[in-house]
Amino acid sequence: MKLNYTALLGILSGSIAAFLTTTARADTFGAGADQFTIDFVTIGNPGNGNDAGAGGGLYSSPYGGMPYVYQMGVTEVSQDWITKATNLGMTSVTAGAWTGSQPAAFMTWFEAAAFVNWLNTSTGHQAAYQLNGTNTALTLWSSAQAWQAGGENLYRHKDAYYFLPSENEWYKAAYHQNDGVTANYWDYATESNTAPTAVASGTGAGTAVYNNVTSSPADVAISGGLSGYGTRGQNGNVREWQESAFDGINNSSSEPRAFRGGY
């Protein structure tokens with residue numbers, strides 16, 4: 001998803017991953033006038049290597065190696081989904097700066113996690129994150145309760161169905177070349193090693209919403225071209241919260257969270 005949000009800059013969009021082994025799917029939430037659908041694509045090729053870092057970048061440690069198949073929301077989370085979830089009983093998640101199908105924004109990591117929890121509990125699943133009543137703090141799960149696939153993760157419950165993407169989950173969906181169990185990665189999340197064309201909106205291959213071509217983000221469904229796995233807007237439009245703590249270990253509830261995308 002995509003549960004793709006920046007506390008530091010006040011902008012966020014949501015990327016949601018569902019730990020599934022099926023093909024592309026559309027999951028429906030809510031009912032009546034407040035019903036909405038989130039599209040997911042499968043991120044396959046489990047056992048791929050980390051990005052060797054040949055393309056450079058902000059981080060010195062490589063990312064992207066994943067031991068399991070999972071799914072990622074195709075787009076960033078829209079403000080419309082947040083509004084409808086609130087109408088249906090979700091609490092302590094503040095409305096963002098944008099409207100309708102534009103990405104949800106100006107939300108904290110905890111609010112992003114609360115939306116994911118609502119997706120779980122409203123469909124009869126285990127909440128992913130152990131938040132306080134006002135969505136301002138996180139309590140770690142015990143080792144017996146925590147997610148263990150790919151290493152112990154005390155943020156995420158082992159039985160959660162929807163969750164914020166970890167840094168490795170997000171990175172693979174954006175940059176891996178989808179060519180089997182390899183360590184081959186694109187430099188950009190548009191299946192390219194050259195910078196995407198800057199656009200105000202659209203779905204053209206090799207495009208992204210960036211470089212000040214518009215004063216507000218594009219609707220999530222028209223926020224640029226696709227990655228190799230079929231996600232949209234992982235580069236450009238808005239920055240996206242990840243589940244991971246900055247060190248990627250997820251064993252401290254007070255550590256700052258990582259985010260990517262936006263540029």
# chains A, B, ... in the order shown; residues from 1 in each chain; ligands from 1

$ select_by_dssp --residues "range 117-231 of chain A" --states "strand (DSSP E or B)" --output "list in words"
Gln126, Gln130, Leu131, Leu138, Thr139, Ala146, Trp147, Asn153, Leu154, Tyr155, Arg156, His157, Ala160, Tyr162, Phe163, His176, Tyr185, Tyr188, Ser192, Thr197, Ala198, Gly202, Thr207, Ala208, Ser223, Gly224 and Leu226 of chain A

$ write_last_selection --atoms "C-alpha atoms" --output "compact mmCIF listing (two decimals), in the first residue's frame"
# COMPACT_ATOMS: atom_id res chain seq x y z
CA GLN A 126 -5.92 -9.40 13.40
CA GLN A 130 -0.49 -2.45 18.90
CA LEU A 131 -1.41 1.24 19.12
CA LEU A 138 3.15 1.89 19.66
CA THR A 139 3.71 -1.06 21.98
CA ALA A 146 5.45 -10.98 16.30
CA TRP A 147 5.98 -11.50 12.58
CA ASN A 153 9.61 -7.89 13.43
CA LEU A 154 8.18 -6.72 16.76
CA TYR A 155 6.08 -4.00 15.10
CA ARG A 156 3.92 -6.36 13.00
CA HIS A 157 1.65 -9.11 14.32
CA ALA A 160 -1.94 -9.54 10.29
CA TYR A 162 -2.73 -6.02 5.78
CA PHE A 163 0.31 -4.02 6.89
CA HIS A 176 13.45 -5.01 -8.74
CA TYR A 185 17.33 -3.57 -10.06
CA TYR A 188 13.92 4.32 -10.97
CA SER A 192 14.22 2.52 -16.20
CA THR A 197 9.72 12.28 -17.68
CA ALA A 198 8.12 14.78 -15.28
CA GLY A 202 -1.09 10.50 -16.31
CA THR A 207 6.65 9.15 -16.32
CA ALA A 208 6.41 10.44 -12.74
CA SER A 223 0.40 9.44 -10.73
CA GLY A 224 2.84 8.19 -13.39
CA LEU A 226 4.28 1.55 -13.50

$ residues_around --residues "Asn212 in chain A" --least-positions-apart "6" --cutoff "12 Å" --atoms "only C-alpha atoms" --output "compact mmCIF listing (two decimals) with C-alpha atoms, in the first residue's frame"
# COMPACT_ATOMS: atom_id res chain seq x y z
CA ALA A 198 8.12 14.78 -15.28
CA VAL A 199 4.35 15.13 -15.76
CA ALA A 200 1.49 16.75 -13.83
CA SER A 201 -0.54 13.52 -14.09
CA ALA A 218 -2.04 13.92 -8.87
CA GLY A 236 7.10 11.05 -7.44
CA ASN A 237 3.77 12.51 -6.27
CA VAL A 238 4.18 12.25 -2.45
CA GLY A 262 8.39 11.76 -3.60
CA TYR A 263 11.42 12.92 -5.56

$ residues_around --residues "Leu88 in chain A" --least-positions-apart "2" --cutoff "8 Å" --atoms "only C-alpha atoms" --output "list in words"
Gly30, Asp34, Lys84, Ala85, Thr86 and Met90 of chain A

$ closest_residue --among "A:Asp27, A:Asn168, A:Val181, A:Trp109" --to "Gly151 in chain A" --atoms "only C-alpha atoms"
A:Asn168

$ residues_around --residues "Arg260 in chain A" --least-positions-apart "3" --cutoff "7 Å" --atoms "only C-alpha atoms" --output "ChimeraX atom specification"
/A:239-241

$ residues_around --residues "Phe110 in chain A" --least-positions-apart "2" --cutoff "9 Å" --atoms "only C-alpha atoms" --output "VMD selection string"
chain A and resid 93 107 to 108 112 to 115 131 135 to 138

$ write_last_selection --atoms "C-alpha atoms" --output "compact mmCIF listing (two decimals), in the first residue's frame"
# COMPACT_ATOMS: atom_id res chain seq x y z
CA VAL A 93 -6.91 9.76 12.14
CA MET A 107 -0.61 12.17 8.68
CA THR A 108 1.72 10.67 11.22
CA ALA A 112 -1.06 5.43 8.79
CA ALA A 113 -0.74 2.35 10.99
CA ALA A 114 -4.23 3.00 12.43
CA PHE A 115 -5.71 2.98 8.92
CA LEU A 131 -1.41 1.24 19.12
CA ASN A 135 -2.93 6.56 17.75
CA THR A 136 0.09 8.35 19.13
CA ALA A 137 2.25 5.50 20.44
CA LEU A 138 3.15 1.89 19.66

$ closest_residue --among "A:Ala189, A:Met66, A:Ala104, A:Ala97" --to "Ile82 in chain A" --atoms "only C-alpha atoms"
A:Ala104

$ closest_residue --among "A:Phe246, A:Phe40, A:Trp98, A:Trp170" --to "Ser216 in chain A" --atoms "only C-alpha atoms"
A:Trp98

$ select_by_dssp --residues "range 118-227 of chain A" --states "alpha helix (DSSP H)" --output "short mmCIF file (atom, residue, chain, number, x, y, z; two decimals) with N, CA and C atoms, in the first residue's frame"
data_model
loop_
_atom_site.label_atom_id
_atom_site.label_comp_id
_atom_site.auth_asym_id
_atom_site.auth_seq_id
_atom_site.Cartn_x
_atom_site.Cartn_y
_atom_site.Cartn_z
N TRP A 118 -7.48 -0.61 10.80
CA TRP A 118 -8.91 -0.59 10.46
C TRP A 118 -9.19 -1.51 9.28
N LEU A 119 -8.32 -1.53 8.28
CA LEU A 119 -8.50 -2.44 7.16
C LEU A 119 -8.56 -3.88 7.66
N ASN A 120 -7.73 -4.21 8.63
CA ASN A 120 -7.72 -5.56 9.20
C ASN A 120 -8.97 -5.85 10.01
N THR A 121 -9.25 -5.02 11.00
CA THR A 121 -10.32 -5.33 11.94
C THR A 121 -11.70 -5.21 11.30
N GLU A 167 10.85 -1.69 4.59
CA GLU A 167 11.71 -1.07 3.60
C GLU A 167 12.08 -2.03 2.48
N ASN A 168 12.37 -3.29 2.82
CA ASN A 168 12.69 -4.28 1.79
C ASN A 168 11.50 -4.57 0.90
N GLU A 169 10.30 -4.68 1.49
CA GLU A 169 9.09 -4.92 0.69
C GLU A 169 8.84 -3.76 -0.27
N TRP A 170 8.93 -2.55 0.24
CA TRP A 170 8.71 -1.36 -0.59
C TRP A 170 9.76 -1.29 -1.71
N TYR A 171 11.02 -1.50 -1.35
CA TYR A 171 12.13 -1.34 -2.29
C TYR A 171 12.03 -2.36 -3.44
N LYS A 172 11.73 -3.59 -3.10
CA LYS A 172 11.63 -4.60 -4.15
C LYS A 172 10.51 -4.27 -5.11
N ALA A 173 9.32 -3.90 -4.59
CA ALA A 173 8.19 -3.58 -5.45
C ALA A 173 8.51 -2.42 -6.38
N ALA A 174 9.31 -1.48 -5.91
CA ALA A 174 9.65 -0.31 -6.72
C ALA A 174 10.72 -0.60 -7.76
N TYR A 175 11.79 -1.28 -7.39
CA TYR A 175 13.00 -1.28 -8.21
C TYR A 175 13.44 -2.63 -8.77
#

$ residues_around --residues "Gln102 in chain A" --least-positions-apart "6" --cutoff "8 Å" --atoms "only C-alpha atoms" --output "PyMOL selection string"
chain A and resi 78-80+217-220

$ closest_residue --among "A:Gly89, A:Gly44, A:Gly100, A:Gly49" --to "Val69 in chain A" --atoms "only C-alpha atoms"
A:Gly44

$ closest_residue --among "A:Asn87, A:Asn184, A:Ala221, A:Tyr210" --to "Ile38 in chain A" --atoms "only C-alpha atoms"
A:Ala221

$ decode --residues "range 96-115 of chain A" --atoms "N, CA and C atoms" --output "PDB file, in the first residue's frame"
ATOM      1  N   GLY A  96      -6.567  14.790   5.831  1.00  0.00           N
ATOM      2  CA  GLY A  96      -5.385  15.350   5.202  1.00  0.00           C
ATOM      3  C   GLY A  96      -5.643  16.649   4.479  1.00  0.00           C
ATOM      4  N   ALA A  97      -4.619  17.108   3.755  1.00  0.00           N
ATOM      5  CA  ALA A  97      -4.692  18.395   3.083  1.00  0.00           C
ATOM      6  C   ALA A  97      -5.408  18.327   1.748  1.00  0.00           C
ATOM      7  N   TRP A  98      -5.452  17.155   1.128  1.00  0.00           N
ATOM      8  CA  TRP A  98      -6.011  17.024  -0.207  1.00  0.00           C
ATOM      9  C   TRP A  98      -7.389  16.404  -0.138  1.00  0.00           C
ATOM     10  N   THR A  99      -8.019  16.215  -1.269  1.00  0.00           N
ATOM     11  CA  THR A  99      -9.390  15.730  -1.296  1.00  0.00           C
ATOM     12  C   THR A  99      -9.559  14.606  -2.312  1.00  0.00           C
ATOM     13  N   GLY A 100     -10.663  13.888  -2.199  1.00  0.00           N
ATOM     14  CA  GLY A 100     -11.051  12.912  -3.204  1.00  0.00           C
ATOM     15  C   GLY A 100      -9.993  11.865  -3.456  1.00  0.00           C
ATOM     16  N   SER A 101      -9.626  11.716  -4.735  1.00  0.00           N
ATOM     17  CA  SER A 101      -8.682  10.683  -5.144  1.00  0.00           C
ATOM     18  C   SER A 101      -7.231  11.121  -5.062  1.00  0.00           C
ATOM     19  N   GLN A 102      -6.972  12.328  -4.537  1.00  0.00           N
ATOM     20  CA  GLN A 102      -5.588  12.715  -4.269  1.00  0.00           C
ATOM     21  C   GLN A 102      -5.077  11.934  -3.059  1.00  0.00           C
ATOM     22  N   PRO A 103      -3.752  11.811  -2.914  1.00  0.00           N
ATOM     23  CA  PRO A 103      -3.219  10.999  -1.815  1.00  0.00           C
ATOM     24  C   PRO A 103      -3.493  11.593  -0.442  1.00  0.00           C
ATOM     25  N   ALA A 104      -3.674  10.714   0.530  1.00  0.00           N
ATOM     26  CA  ALA A 104      -3.798  11.144   1.916  1.00  0.00           C
ATOM     27  C   ALA A 104      -2.493  11.809   2.342  1.00  0.00           C
ATOM     28  N   ALA A 105      -2.586  12.864   3.140  1.00  0.00           N
ATOM     29  CA  ALA A 105      -1.390  13.641   3.460  1.00  0.00           C
ATOM     30  C   ALA A 105      -1.467  14.207   4.870  1.00  0.00           C
ATOM     31  N   PHE A 106      -0.296  14.711   5.343  1.00  0.00           N
ATOM     32  CA  PHE A 106      -0.203  15.355   6.654  1.00  0.00           C
ATOM     33  C   PHE A 106      -0.691  14.424   7.765  1.00  0.00           C
ATOM     34  N   MET A 107      -0.263  13.166   7.680  1.00  0.00           N
ATOM     35  CA  MET A 107      -0.611  12.170   8.683  1.00  0.00           C
ATOM     36  C   MET A 107       0.665  11.626   9.300  1.00  0.00           C
ATOM     37  N   THR A 108       0.575  11.263  10.556  1.00  0.00           N
ATOM     38  CA  THR A 108       1.724  10.666  11.221  1.00  0.00           C
ATOM     39  C   THR A 108       1.838   9.189  10.850  1.00  0.00           C
ATOM     40  N   TRP A 109       2.986   8.582  11.177  1.00  0.00           N
ATOM     41  CA  TRP A 109       3.146   7.142  10.978  1.00  0.00           C
ATOM     42  C   TRP A 109       2.073   6.368  11.745  1.00  0.00           C
ATOM     43  N   PHE A 110       1.766   6.825  12.959  1.00  0.00           N
ATOM     44  CA  PHE A 110       0.790   6.127  13.788  1.00  0.00           C
ATOM     45  C   PHE A 110      -0.604   6.176  13.159  1.00  0.00           C
ATOM     46  N   GLU A 111      -0.948   7.292  12.518  1.00  0.00           N
ATOM     47  CA  GLU A 111      -2.227   7.384  11.832  1.00  0.00           C
ATOM     48  C   GLU A 111      -2.262   6.451  10.617  1.00  0.00           C
ATOM     49  N   ALA A 112      -1.144   6.375   9.902  1.00  0.00           N
ATOM     50  CA  ALA A 112      -1.064   5.427   8.790  1.00  0.00           C
ATOM     51  C   ALA A 112      -1.263   4.005   9.291  1.00  0.00           C
ATOM     52  N   ALA A 113      -0.602   3.677  10.408  1.00  0.00           N
ATOM     53  CA  ALA A 113      -0.739   2.345  10.994  1.00  0.00           C
ATOM     54  C   ALA A 113      -2.168   2.096  11.466  1.00  0.00           C
ATOM     55  N   ALA A 114      -2.843   3.143  11.973  1.00  0.00           N
ATOM     56  CA  ALA A 114      -4.229   2.995  12.431  1.00  0.00           C
ATOM     57  C   ALA A 114      -5.157   2.689  11.263  1.00  0.00           C
ATOM     58  N   PHE A 115      -4.906   3.291  10.105  1.00  0.00           N
ATOM     59  CA  PHE A 115      -5.710   2.980   8.918  1.00  0.00           C
ATOM     60  C   PHE A 115      -5.530   1.518   8.527  1.00  0.00           C
TER      61      PHE A 115
END
